[in-house]
$ cat protein.tsv   # TSV, C-alpha atoms
chain	number	residue	atom	x	y	z
A	205	MET	CA	31.84	-2.11	-15.88
A	206	LYS	CA	33.17	-5.11	-14.09
A	207	HIS	CA	32.17	-5.40	-10.41
A	208	ALA	CA	29.62	-2.71	-11.11
A	209	LEU	CA	26.42	-4.71	-10.65
A	210	LEU	CA	23.81	-3.15	-8.43
A	211	PRO	CA	22.31	-5.43	-5.76
A	212	HIS	CA	18.54	-5.64	-6.19
A	213	ALA	CA	17.49	-3.83	-3.05
A	214	THR	CA	14.68	-1.30	-2.88
A	215	VAL	CA	15.58	1.97	-1.20
A	216	GLY	CA	12.91	1.49	1.47
A	217	ARG	CA	14.19	-1.91	2.54
A	218	LEU	CA	17.81	-0.71	2.45
A	219	LEU	CA	16.95	2.14	4.83
A	220	GLY	CA	14.96	-0.27	6.98
A	221	LEU	CA	18.06	-2.47	7.20
A	222	ILE	CA	20.21	0.47	8.32
A	223	ASP	CA	17.62	1.28	11.02
A	224	ALA	CA	17.59	-2.36	12.11
A	225	MET	CA	21.41	-2.55	12.22
A	226	ALA	CA	21.50	0.63	14.31
A	227	GLU	CA	19.35	-1.03	16.98
A	228	THR	CA	22.16	-3.48	17.81
A	229	PRO	CA	25.27	-1.34	18.08
A	230	GLY	CA	28.70	-2.77	17.42
A	231	PRO	CA	29.56	-5.79	15.28
A	232	ASP	CA	27.01	-8.58	15.35
A	233	ASP	CA	26.21	-11.77	13.46
A	234	LEU	CA	24.28	-11.45	10.23
A	235	TYR	CA	22.34	-14.63	10.97
A	236	ARG	CA	21.13	-13.10	14.25
A	237	LEU	CA	19.99	-9.98	12.40
A	238	ALA	CA	18.14	-12.20	9.91
A	239	GLU	CA	16.44	-14.05	12.76
A	240	ARG	CA	15.43	-10.84	14.46
A	241	LEU	CA	13.93	-9.55	11.21
A	242	ARG	CA	12.41	-12.94	10.37
A	243	LEU	CA	14.17	-12.81	7.01
A	244	ARG	CA	16.08	-15.59	5.31
A	245	LEU	CA	19.79	-14.91	4.96
A	246	ASP	CA	19.53	-15.03	1.16
A	247	ALA	CA	16.75	-12.41	1.28
A	248	LEU	CA	18.93	-10.24	3.51
A	249	HIS	CA	21.95	-10.60	1.26
A	250	PRO	CA	21.15	-8.01	-1.48
A	251	LEU	CA	20.25	-5.47	1.22
A	252	VAL	CA	23.52	-6.02	3.05
A	253	GLU	CA	25.38	-5.81	-0.26
A	254	ALA	CA	23.70	-2.49	-1.00
A	255	ALA	CA	24.65	-1.14	2.44
A	256	ARG	CA	28.25	-2.24	1.83
A	257	LEU	CA	28.36	-0.81	-1.70
A	258	LEU	CA	27.23	2.59	-0.37
A	259	GLY	CA	29.89	2.52	2.35
A	260	TRP	CA	27.29	2.37	5.13
A	261	ALA	CA	28.16	-1.07	6.50
A	262	ARG	CA	31.18	-3.34	6.79
A	263	VAL	CA	30.77	-7.08	6.45
A	264	ALA	CA	33.38	-9.67	7.35
A	265	HIS	CA	33.19	-13.34	8.37
A	266	GLY	CA	29.41	-13.27	8.75
A	267	ASP	CA	29.48	-10.19	11.00
A	268	TYR	CA	28.21	-6.75	10.13
A	269	ASP	CA	29.00	-3.33	11.54
A	270	LEU	CA	27.70	0.11	10.56
A	271	THR	CA	30.32	2.60	9.36
A	272	GLY	CA	30.35	6.15	10.70
A	273	GLU	CA	28.30	7.29	7.73
A	274	GLY	CA	25.93	4.37	8.23
A	275	ARG	CA	25.28	5.58	11.77
A	276	ARG	CA	24.67	9.09	10.50
A	277	VAL	CA	22.10	7.69	8.05
A	278	ALA	CA	20.35	5.85	10.87
A	279	ASP	CA	19.92	9.10	12.82
A	280	ALA	CA	19.12	11.31	9.82
A	281	THR	CA	15.87	12.83	8.57
A	282	VAL	CA	14.47	11.72	5.21
A	283	ALA	CA	16.01	14.77	3.50
A	284	GLU	CA	19.44	14.14	5.05
A	285	ARG	CA	19.27	10.45	4.13
A	286	LYS	CA	18.45	11.41	0.60
A	287	ALA	CA	21.45	13.77	0.39
A	288	LEU	CA	23.84	11.10	1.72
A	289	PHE	CA	22.33	8.51	-0.62
A	290	ARG	CA	22.64	10.88	-3.60
A	291	GLU	CA	26.36	11.51	-2.97
A	292	ARG	CA	27.07	7.77	-2.94
A	293	VAL	CA	24.75	6.69	-5.74
A	294	ARG	CA	25.92	9.25	-8.31
A	295	ASP	CA	29.36	7.59	-8.35
A	296	LEU	CA	28.11	4.03	-8.96
A	297	PRO	CA	29.19	3.11	-12.51
A	298	LEU	CA	25.75	2.45	-14.01
A	299	VAL	CA	24.21	5.58	-12.47
A	300	ALA	CA	27.28	7.63	-13.43
A	301	SER	CA	26.98	6.44	-17.03
A	302	ILE	CA	23.30	7.50	-17.14
A	303	LEU	CA	24.23	10.92	-15.72
A	304	ARG	CA	27.01	11.33	-18.29
A	305	ALA	CA	24.59	10.43	-21.10
A	306	LEU	CA	22.17	13.07	-19.79
A	307	GLU	CA	24.80	15.83	-19.64
A	308	ALA	CA	23.87	16.96	-23.16
A	309	GLY	CA	20.47	17.92	-21.72
A	310	ALA	CA	18.42	15.60	-23.95
A	311	PRO	CA	16.44	12.47	-23.04
A	312	VAL	CA	18.29	9.16	-23.18
A	313	SER	CA	16.47	5.96	-24.08
A	314	ARG	CA	16.40	3.03	-21.72
A	315	GLU	CA	17.51	0.93	-24.68
A	316	ALA	CA	20.76	2.88	-25.03
A	317	ILE	CA	21.60	2.37	-21.36
A	318	ARG	CA	20.64	-1.30	-21.45
A	319	ALA	CA	22.68	-1.87	-24.61
A	320	GLY	CA	25.70	-0.41	-22.84
A	321	LEU	CA	25.35	-3.10	-20.17
A	322	LEU	CA	24.89	-6.05	-22.50
A	323	PRO	CA	28.56	-6.80	-23.15
A	324	HIS	CA	28.92	-7.28	-19.39
A	325	VAL	CA	25.68	-8.93	-18.23
A	326	ALA	CA	23.03	-11.23	-19.69
A	327	GLY	CA	19.76	-9.79	-21.05
A	328	PRO	CA	17.34	-10.31	-18.13
A	329	GLU	CA	19.95	-9.15	-15.62
A	330	ALA	CA	20.58	-6.04	-17.73
A	331	GLU	CA	16.85	-5.22	-17.47
A	332	ARG	CA	16.93	-5.68	-13.71
A	333	GLN	CA	20.07	-3.55	-13.45
A	334	VAL	CA	18.34	-0.71	-15.30
A	335	ASP	CA	15.20	-1.12	-13.12
A	336	THR	CA	17.28	-0.82	-9.95
A	337	ALA	CA	19.17	2.18	-11.35
A	338	VAL	CA	15.81	3.83	-12.14
A	339	ASP	CA	14.59	3.25	-8.59
A	340	TRP	CA	17.76	4.48	-6.90
A	341	GLY	CA	18.24	7.43	-9.28
A	342	ARG	CA	14.65	8.54	-8.80
A	343	TRP	CA	14.84	8.39	-5.04
A	344	ALA	CA	18.16	10.25	-5.11
A	345	GLU	CA	16.55	12.78	-7.45
A	346	LEU	CA	19.48	12.47	-9.86
A	347	PHE	CA	17.32	12.02	-12.94
A	348	ASP	CA	13.72	11.51	-14.07
A	349	TYR	CA	12.45	8.44	-15.85
A	350	ASP	CA	9.24	8.00	-17.82
A	351	ALA	CA	8.05	4.45	-18.43
A	352	ASP	CA	5.68	5.55	-21.23
A	353	ASP	CA	8.59	6.78	-23.35
A	354	ALA	CA	11.12	4.37	-21.78
A	355	CYS	CA	13.42	7.39	-21.45
A	356	PHE	CA	15.65	8.99	-18.85
A	357	PHE	CA	15.39	12.77	-18.49
A	358	PRO	CA	17.56	15.36	-16.78
A	359	ILE	CA	15.89	16.19	-13.46
A	360	GLY	CA	12.75	18.29	-13.91
A	361	GLU	CA	12.70	17.97	-17.72
A	362	ALA	CA	9.95	15.34	-17.98
A	363	GLY	CA	7.47	17.57	-16.16
A	364	ARG	CA	8.15	20.56	-18.42
A	365	ARG	CA	7.28	18.91	-21.67
B	230	MET	CA	-11.15	18.21	27.92
B	231	PRO	CA	-11.03	19.22	24.23
B	232	GLU	CA	-14.07	18.67	22.00
B	233	PRO	CA	-13.79	15.27	20.32
B	234	LEU	CA	-13.45	15.24	16.52
B	235	VAL	CA	-15.46	12.04	16.32
B	236	SER	CA	-17.72	10.46	18.96
B	237	LEU	CA	-19.16	6.97	18.85
B	238	ILE	CA	-22.13	6.54	21.15
B	239	ALA	CA	-23.35	2.97	21.69
B	240	VAL	CA	-22.71	2.09	18.04
B	241	GLY	CA	-23.98	-1.33	16.96
B	242	LYS	CA	-23.79	-3.16	13.65
B	243	ARG	CA	-25.74	-6.18	12.44
B	244	TYR	CA	-25.26	-8.18	9.26
B	245	ASP	CA	-28.18	-10.49	8.39
B	246	GLY	CA	-29.30	-10.50	12.00
B	247	ALA	CA	-25.84	-11.37	13.35
B	248	GLU	CA	-24.43	-8.79	15.75
B	249	VAL	CA	-20.85	-7.82	14.76
B	250	LEU	CA	-20.55	-4.69	16.93
B	251	HIS	CA	-22.19	-4.22	20.30
B	252	GLU	CA	-22.63	-0.79	21.90
B	253	VAL	CA	-19.22	0.62	21.00
B	254	SER	CA	-18.48	4.01	22.53
B	255	PHE	CA	-15.31	6.10	22.40
B	256	ASP	CA	-14.12	9.55	21.32
B	257	VAL	CA	-11.38	10.54	18.89
B	258	LEU	CA	-9.65	13.55	20.43
B	259	PRO	CA	-7.82	16.23	18.44
B	260	GLY	CA	-4.06	15.63	18.15
B	261	GLU	CA	-4.09	12.01	19.20
B	262	VAL	CA	-3.21	8.75	17.53
B	263	LEU	CA	-5.95	6.34	18.59
B	264	ALA	CA	-5.40	2.65	17.84
B	265	LEU	CA	-8.14	0.03	17.57
B	266	VAL	CA	-6.66	-3.34	18.33
B	267	GLY	CA	-8.25	-6.75	18.68
B	268	PRO	CA	-8.47	-10.26	17.26
B	269	SER	CA	-9.77	-10.80	13.73
B	270	GLY	CA	-13.54	-10.67	13.68
B	271	CYS	CA	-13.81	-8.03	16.41
B	272	GLY	CA	-15.19	-5.55	13.87
B	273	LYS	CA	-12.37	-3.01	14.06
B	274	SER	CA	-12.19	-2.46	10.28
B	275	THR	CA	-15.99	-2.21	10.18
B	276	LEU	CA	-15.78	0.47	12.88
B	277	LEU	CA	-13.26	2.44	10.82
B	278	ARG	CA	-15.63	2.37	7.84
B	279	ILE	CA	-18.50	3.51	10.06
B	280	ILE	CA	-16.33	6.48	11.14
B	281	ALA	CA	-15.57	7.17	7.45
B	282	GLY	CA	-19.30	7.06	6.71
B	283	LEU	CA	-18.75	4.29	4.16
B	284	ILE	CA	-21.18	1.99	5.96
B	285	PRO	CA	-23.98	3.06	8.34
B	286	ALA	CA	-24.29	1.94	11.94
B	287	SER	CA	-27.32	-0.23	12.71
B	288	SER	CA	-27.86	1.44	16.06
B	289	GLY	CA	-26.33	4.15	18.20
B	290	GLU	CA	-24.88	7.41	16.91
B	291	VAL	CA	-21.70	8.69	15.24
B	292	ARG	CA	-20.96	12.38	15.70
B	293	SER	CA	-18.34	14.21	13.65
B	294	ASP	CA	-17.40	17.75	14.70
B	295	GLY	CA	-20.39	17.69	17.01
B	296	HIS	CA	-22.95	16.85	14.32
B	297	PRO	CA	-24.63	13.50	13.69
B	298	LEU	CA	-22.95	11.78	10.74
B	299	THR	CA	-25.13	11.08	7.71
B	300	GLY	CA	-23.34	9.71	4.67
B	301	LEU	CA	-19.64	10.11	3.88
B	302	ASN	CA	-17.54	11.82	6.55
B	303	PRO	CA	-15.74	14.73	4.84
B	304	ALA	CA	-13.41	15.17	7.85
B	305	THR	CA	-11.75	11.79	7.18
B	306	ALA	CA	-9.56	10.10	4.57
B	307	LEU	CA	-8.76	6.41	4.50
B	308	VAL	CA	-5.48	4.56	3.89
B	309	PHE	CA	-6.01	0.97	2.78
B	310	GLN	CA	-4.04	-2.16	3.60
B	311	SER	CA	-4.01	-3.04	-0.11
B	312	PHE	CA	-2.81	0.49	-1.14
B	313	ALA	CA	-5.73	0.68	-3.64
B	314	LEU	CA	-3.80	2.70	-6.27
B	315	LEU	CA	-5.01	2.88	-9.86
B	316	PRO	CA	-2.36	1.06	-11.95
B	317	TRP	CA	-2.86	3.21	-15.06
B	318	LEU	CA	-2.17	6.46	-13.20
B	319	LYS	CA	1.25	7.79	-12.21
B	320	ALA	CA	2.02	8.42	-8.54
B	321	ALA	CA	1.16	12.13	-8.60
B	322	GLU	CA	-2.07	11.44	-10.52
B	323	ASN	CA	-3.10	8.83	-7.96
B	324	VAL	CA	-2.49	11.29	-5.13
B	325	ALA	CA	-4.38	14.07	-6.90
B	326	LEU	CA	-7.39	11.94	-7.79
B	327	PRO	CA	-9.58	12.75	-4.73
B	328	LEU	CA	-9.06	16.47	-5.45
B	329	GLU	CA	-10.40	16.01	-8.98
B	330	ALA	CA	-13.71	14.89	-7.51
B	331	ARG	CA	-13.74	18.13	-5.49
B	332	GLY	CA	-13.26	20.23	-8.61
B	333	VAL	CA	-9.73	21.48	-7.83
B	334	PRO	CA	-8.04	22.65	-11.08
B	335	THR	CA	-5.51	20.24	-12.63
B	336	VAL	CA	-2.36	22.35	-12.15
B	337	GLU	CA	-3.20	23.09	-8.55
B	338	ARG	CA	-3.99	19.50	-7.59
B	339	LEU	CA	-0.85	18.12	-9.24
B	340	ARG	CA	1.27	20.74	-7.48
B	341	LYS	CA	-0.23	19.71	-4.16
B	342	ALA	CA	0.23	16.02	-4.96
B	343	GLU	CA	3.90	16.58	-5.78
B	344	ARG	CA	4.40	18.52	-2.56
B	345	LEU	CA	2.94	15.64	-0.53
B	346	LEU	CA	4.99	13.03	-2.41
B	347	ASP	CA	8.03	15.19	-1.66
B	348	LEU	CA	7.14	15.06	2.06
B	349	MET	CA	6.94	11.25	1.80
B	350	GLY	CA	10.45	11.22	0.30
B	351	LEU	CA	9.16	10.42	-3.19
B	352	ARG	CA	9.94	13.64	-5.05
B	353	GLY	CA	11.79	11.60	-7.67
B	354	HIS	CA	8.93	9.14	-8.17
B	355	VAL	CA	6.05	11.50	-9.03
B	356	ARG	CA	5.93	10.13	-12.58
B	357	ALA	CA	6.34	6.47	-11.60
B	358	TYR	CA	3.52	3.99	-12.14
B	359	PRO	CA	2.51	1.85	-9.14
B	360	ARG	CA	4.11	-1.22	-10.77
B	361	GLU	CA	7.47	0.62	-10.70
B	362	LEU	CA	7.19	1.18	-6.94
B	363	SER	CA	8.08	-1.12	-4.06
B	364	GLY	CA	5.34	-1.99	-1.55
B	365	GLY	CA	6.59	0.61	0.90
B	366	MET	CA	6.61	3.29	-1.77
B	367	ARG	CA	3.09	2.33	-2.88
B	368	GLN	CA	1.83	2.78	0.64
B	369	ARG	CA	3.61	6.15	0.86
B	370	VAL	CA	1.61	7.15	-2.20
B	371	GLY	CA	-1.50	5.88	-0.39
B	372	VAL	CA	-0.71	8.04	2.66
B	373	ALA	CA	0.04	11.05	0.43
B	374	ARG	CA	-3.31	10.56	-1.34
B	375	ALA	CA	-5.14	10.60	2.00
B	376	LEU	CA	-3.24	13.63	3.35
B	377	CYS	CA	-3.83	15.48	0.07
B	378	GLN	CA	-7.48	15.80	1.16
B	379	ASP	CA	-6.44	17.63	4.37
B	380	PRO	CA	-8.52	15.30	6.54
B	381	ARG	CA	-8.97	16.30	10.17
B	382	VAL	CA	-8.78	12.60	11.00
B	383	LEU	CA	-6.54	10.21	9.06
B	384	LEU	CA	-8.00	6.68	9.05
B	385	LEU	CA	-5.40	3.90	8.74
B	386	ASP	CA	-6.70	0.38	8.05
B	387	GLU	CA	-3.88	-2.10	8.74
B	388	PRO	CA	-1.63	0.08	6.59
B	389	PHE	CA	1.60	-1.76	7.39
B	390	SER	CA	0.48	-5.39	7.41
B	391	ALA	CA	1.10	-6.00	3.70
B	392	LEU	CA	4.70	-4.77	4.09
B	393	ASP	CA	7.76	-6.67	5.21
B	394	VAL	CA	9.22	-5.89	8.60
B	395	LEU	CA	12.00	-3.61	7.30
B	396	THR	CA	9.69	-1.49	5.19
B	397	ALA	CA	6.95	-1.30	7.80
B	398	GLN	CA	9.16	0.10	10.56
B	399	THR	CA	10.46	3.13	8.65
B	400	LEU	CA	6.94	3.90	7.41
B	401	ARG	CA	5.49	3.73	10.94
B	402	ASP	CA	8.06	6.31	12.04
B	403	GLN	CA	7.33	8.46	9.02
B	404	VAL	CA	3.57	8.52	9.68
B	405	VAL	CA	4.08	9.46	13.34
B	406	ASP	CA	6.45	12.27	12.28
B	407	LEU	CA	4.09	13.56	9.58
B	408	LEU	CA	1.30	14.11	12.11
B	409	GLN	CA	3.66	16.61	13.83
B	410	ASP	CA	4.97	18.17	10.62
B	411	PRO	CA	4.00	21.85	10.08
B	412	ALA	CA	3.76	21.11	6.34
B	413	VAL	CA	0.82	18.77	7.02
B	414	SER	CA	-2.53	20.00	8.37
B	415	THR	CA	-3.65	16.61	9.75
B	416	ARG	CA	-2.84	16.03	13.43
B	417	THR	CA	-5.14	13.16	14.35
B	418	ALA	CA	-5.26	9.53	13.28
B	419	VAL	CA	-7.22	6.36	13.96
B	420	LEU	CA	-5.14	3.23	13.35
B	421	VAL	CA	-6.68	-0.21	12.98
B	422	THR	CA	-4.17	-2.98	13.60
B	423	HIS	CA	-4.03	-6.59	14.74
B	424	SER	CA	-0.58	-5.93	16.23
B	425	VAL	CA	-0.55	-4.93	19.89
B	426	GLU	CA	3.12	-3.96	19.58
B	427	GLU	CA	2.33	-1.65	16.69
B	428	ALA	CA	-0.59	-0.06	18.56
B	429	VAL	CA	1.57	0.62	21.62
B	430	TYR	CA	4.46	1.91	19.50
B	431	MET	CA	2.36	4.44	17.62
B	432	ALA	CA	-0.68	5.37	19.69
B	433	ASP	CA	-1.50	7.79	22.51
B	434	ARG	CA	-4.53	5.70	23.42
B	435	VAL	CA	-5.47	2.15	22.48
B	436	VAL	CA	-9.03	0.82	22.28
B	437	ALA	CA	-8.75	-2.87	23.16
B	438	MET	CA	-11.54	-4.87	21.54
B	439	ARG	CA	-12.98	-8.35	21.94
B	440	SER	CA	-14.93	-10.42	19.44
B	441	ASN	CA	-18.31	-12.24	19.28
B	442	PRO	CA	-19.73	-9.67	19.17
B	443	GLY	CA	-17.14	-6.92	18.68
B	444	ARG	CA	-17.05	-4.67	21.72
B	445	VAL	CA	-14.71	-2.42	23.67
B	446	ALA	CA	-12.86	-4.14	26.50
B	447	GLU	CA	-11.06	-1.03	27.70
B	448	VAL	CA	-9.36	2.13	26.50
B	449	VAL	CA	-5.71	2.20	27.58
B	450	THR	CA	-3.65	5.41	27.65
B	451	VAL	CA	-0.06	4.84	26.49
B	452	ASP	CA	1.77	7.65	28.26
B	453	ALA	CA	5.29	6.48	27.33
B	454	PRO	CA	7.54	9.32	26.07
B	455	ARG	CA	8.34	9.85	22.38
B	456	PRO	CA	10.28	9.07	20.29
B	457	ARG	CA	9.70	5.44	21.20
B	458	ARG	CA	11.85	2.47	20.39
B	459	TRP	CA	10.28	-0.76	19.10
B	460	GLY	CA	10.38	-3.38	21.83
B	461	SER	CA	11.79	-1.04	24.47
B	462	PRO	CA	11.18	-2.00	28.13
B	463	GLU	CA	8.96	1.02	28.89
B	464	LEU	CA	6.42	-0.23	26.32
B	465	VAL	CA	6.26	-3.78	27.67
B	466	PRO	CA	3.73	-3.11	30.50
B	467	PHE	CA	1.26	-1.64	28.00
B	468	VAL	CA	1.69	-4.61	25.65
B	469	ASP	CA	1.12	-7.03	28.53
B	470	GLN	CA	-1.93	-5.13	29.74
B	471	LEU	CA	-3.51	-5.11	26.27
B	472	TYR	CA	-2.91	-8.82	25.66
B	473	ALA	CA	-4.55	-9.56	28.99
B	474	LEU	CA	-7.58	-7.41	28.11
B	475	MET	CA	-8.12	-8.99	24.71
B	476	THR	CA	-7.98	-12.62	25.78

$ encode --input "protein.tsv" --output "structure tokens"
Amino acid sequence: MKHALLPHATVGRLLGLIDAMAETPGPDDLYRLAERLRLRLDALHPLVEAARLLGWARVAHGDYDLTGEGRRVADATVAERKALFRERVRDLPLVASILRALEAGAPVSREAIRAGLLPHVAGPEAERQVDTAVDWGRWAELFDYDADDACFFPIGEAGRR
Amino acid sequence: MPEPLVSLIAVGKRYDGAEVLHEVSFDVLPGEVLALVGPSGCGKSTLLRIIAGLIPASSGEVRSDGHPLTGLNPATALVFQSFALLPWLKAAENVALPLEARGVPTVERLRKAERLLDLMGLRGHVRAYPRELSGGMRQRVGVARALCQDPRVLLLDEPFSALDVLTAQTLRDQVVDLLQDPAVSTRTAVLVTHSVEEAVYMADRVVAMRSNPGRVAEVVTVDAPRPRRWGSPELVPFVDQLYALMT
């Protein structure tokens, strides 16, 4: 799972970033975007990383540019955004490994997923990775998660119990 | 002229003899977004609570659906700046809570809560606790909880000011869209904000207020076309006009 770390960006802020990038078409400086949003560059960084990881933005030499799909996201409804997000997120290694574990149709413990990360990342970061995967996977409606049981569920299963 | 949903007629409010609102009069018309904007201390949040029936006016009259308001206003639901979610309840349970007080059966109220969370883009988060949600998601739960009550008038008390700029902008757009959405019964909103830009971006009419005591300076109609773009040149004259009125 090398190079597989998820940037710690909430879905809401990521989509806000795409909207903000779409307001200044064409390549522009990241520092100018940060100024416009009154965000520090280091606060902007995980959001930009997330946009890049999903194939929605290109970043080079301190400039950013939305990709074609990034522009589609900017113009899309919530439902369309969700569908585009789902297609990208399901292929990210950590999310894909959760989905594979759920293929048997049974709940999967958070502990099992976290343990799978531990050879690659330190303990606290593994927790944060799982938290971000929970947030993204929930929004994409790829799986359910219940904090009481600390378990992942195939979509719709948690409600049926 | 359509019948107003809410009318304020010379409403005044005193706390310990100090006048915080002085003869405030305006109507809330069906289908409009009405913004109350003014400096802190102008009593705009107090006014919103008077419309909700949470606190009584000291003088004047509030009419809701043509009748004098006594006690809580059942035609309204409030969205709070602080989200005000119960941390021990999951998202859907938070949304369904006001329906419990109305005696709606459990299955029915949870189904409705999930439908509204779905509309807010949170279908996957119905079983998330507030602590598992970002600020923007928490406020989406807050909006869903208000809409779940099918209010004729949605009352928004600085709903975006606890959010960062990225989160706030998408949620503003979402709220404006929801008030047009056939899946939602609510068409009318009163927005309290300290941001003139936000008022002009979202509202059809803006009540500009002054402080000491809180009073209406003027009601400005923002007849710029929709969808609007934040900071676009056609909004600038309204922003300038409102700043001039408030100072």

$ atom_distance --input "protein.tsv" --atom1 "CA of Asp246 in chain A" --atom2 "CA of Ala319 in chain A"
29.1 Å

$ closest_residue --input "protein.tsv" --among "A:Arg285, A:His324, A:Arg304, A:Arg262" --to "chain B" --atoms "all atoms listed in the file"
A:Arg285

$ interface_residues --input "protein.tsv" --of "chain A" --to "chain B" --cutoff "10 Å" --atoms "only C-alpha atoms" --output "number ranges by chain"
A: 213-224, 227, 240-243, 281-283, 285-286, 335-336, 338-352, 359-360, 362-363

$ residues_around --input "protein.tsv" --residues "Ala238 in chain A" --least-positions-apart "5" --cutoff "9 Å" --atoms "only C-alpha atoms" --output "list in words"
Asp233, Leu243, Arg244, Leu245, Ala247 and Leu248 of chain A

$ atom_distance --input "protein.tsv" --atom1 "CA of Pro297 in chain B" --atom2 "CA of Ile280 in chain B"
11.2 Å

$ residues_around --input "protein.tsv" --residues "Gly230 in chain A" --least-positions-apart "6" --cutoff "12 Å" --atoms "all atoms listed in the file" --output "VMD selection string"
chain A and resid 261 to 263 267 to 272 274 to 275

$ atom_distance --input "protein.tsv" --atom1 "CA of Leu258 in chain A" --atom2 "CA of Ala320 in chain B"
27.1 Å

$ axis_aligned_box --input "protein.tsv" --around "range 211-218 of chain A" --padding-each-side "8 Å" --output "JSON"
{"center_x": 17.6, "center_y": -1.8, "center_z": -1.8, "size_x": 25.4, "size_y": 23.6, "size_z": 24.7}

$ residues_near_point --input "protein.tsv" --point "(23.1, 4.8, -10.3)" --cutoff "8 Å" --atoms "only C-alpha atoms" --output "ChimeraX atom specification"
/A:293-302,337-338,340-341

$ residues_near_point --input "protein.tsv" --point "(-7.5, -5.2, 26.9)" --cutoff "10 Å" --atoms "only C-alpha atoms" --output "ChimeraX atom specification"
/B:266-267,425,435-439,445-449,467-476

$ residues_around --input "protein.tsv" --residues "Ser311 in chain B" --least-positions-apart "4" --cutoff "9 Å" --atoms "all atoms listed in the file" --output "ChimeraX atom specification"
/B:368,387-388,391

$ residues_around --input "protein.tsv" --residues "His212 in chain A" --least-positions-apart "4" --cutoff "9 Å" --atoms "all atoms listed in the file" --output "JSON, numbers by chain"
{"A": [250, 251, 254, 332, 333, 335, 336]}

$ residues_around --input "protein.tsv" --residues "Ser287 in chain B" --least-positions-apart "5" --cutoff "8 Å" --atoms "only C-alpha atoms" --output "VMD selection string"
chain B and resid 240 to 243

$ closest_residue --input "protein.tsv" --among "A:Val252, A:Leu257, A:Ala354, A:Met225" --to "Val312 in chain A" --atoms "all atoms listed in the file"
A:Ala354

$ closest_residue --input "protein.tsv" --among "B:Leu315, B:Leu464, B:Leu277, B:Ala412" --to "Leu345 in chain B" --atoms "only C-alpha atoms"
B:Ala412

$ closest_residue --input "protein.tsv" --among "A:Leu234, A:Leu306, A:Leu321, A:Leu210" --to "His265 in chain A" --atoms "only C-alpha atoms"
A:Leu234
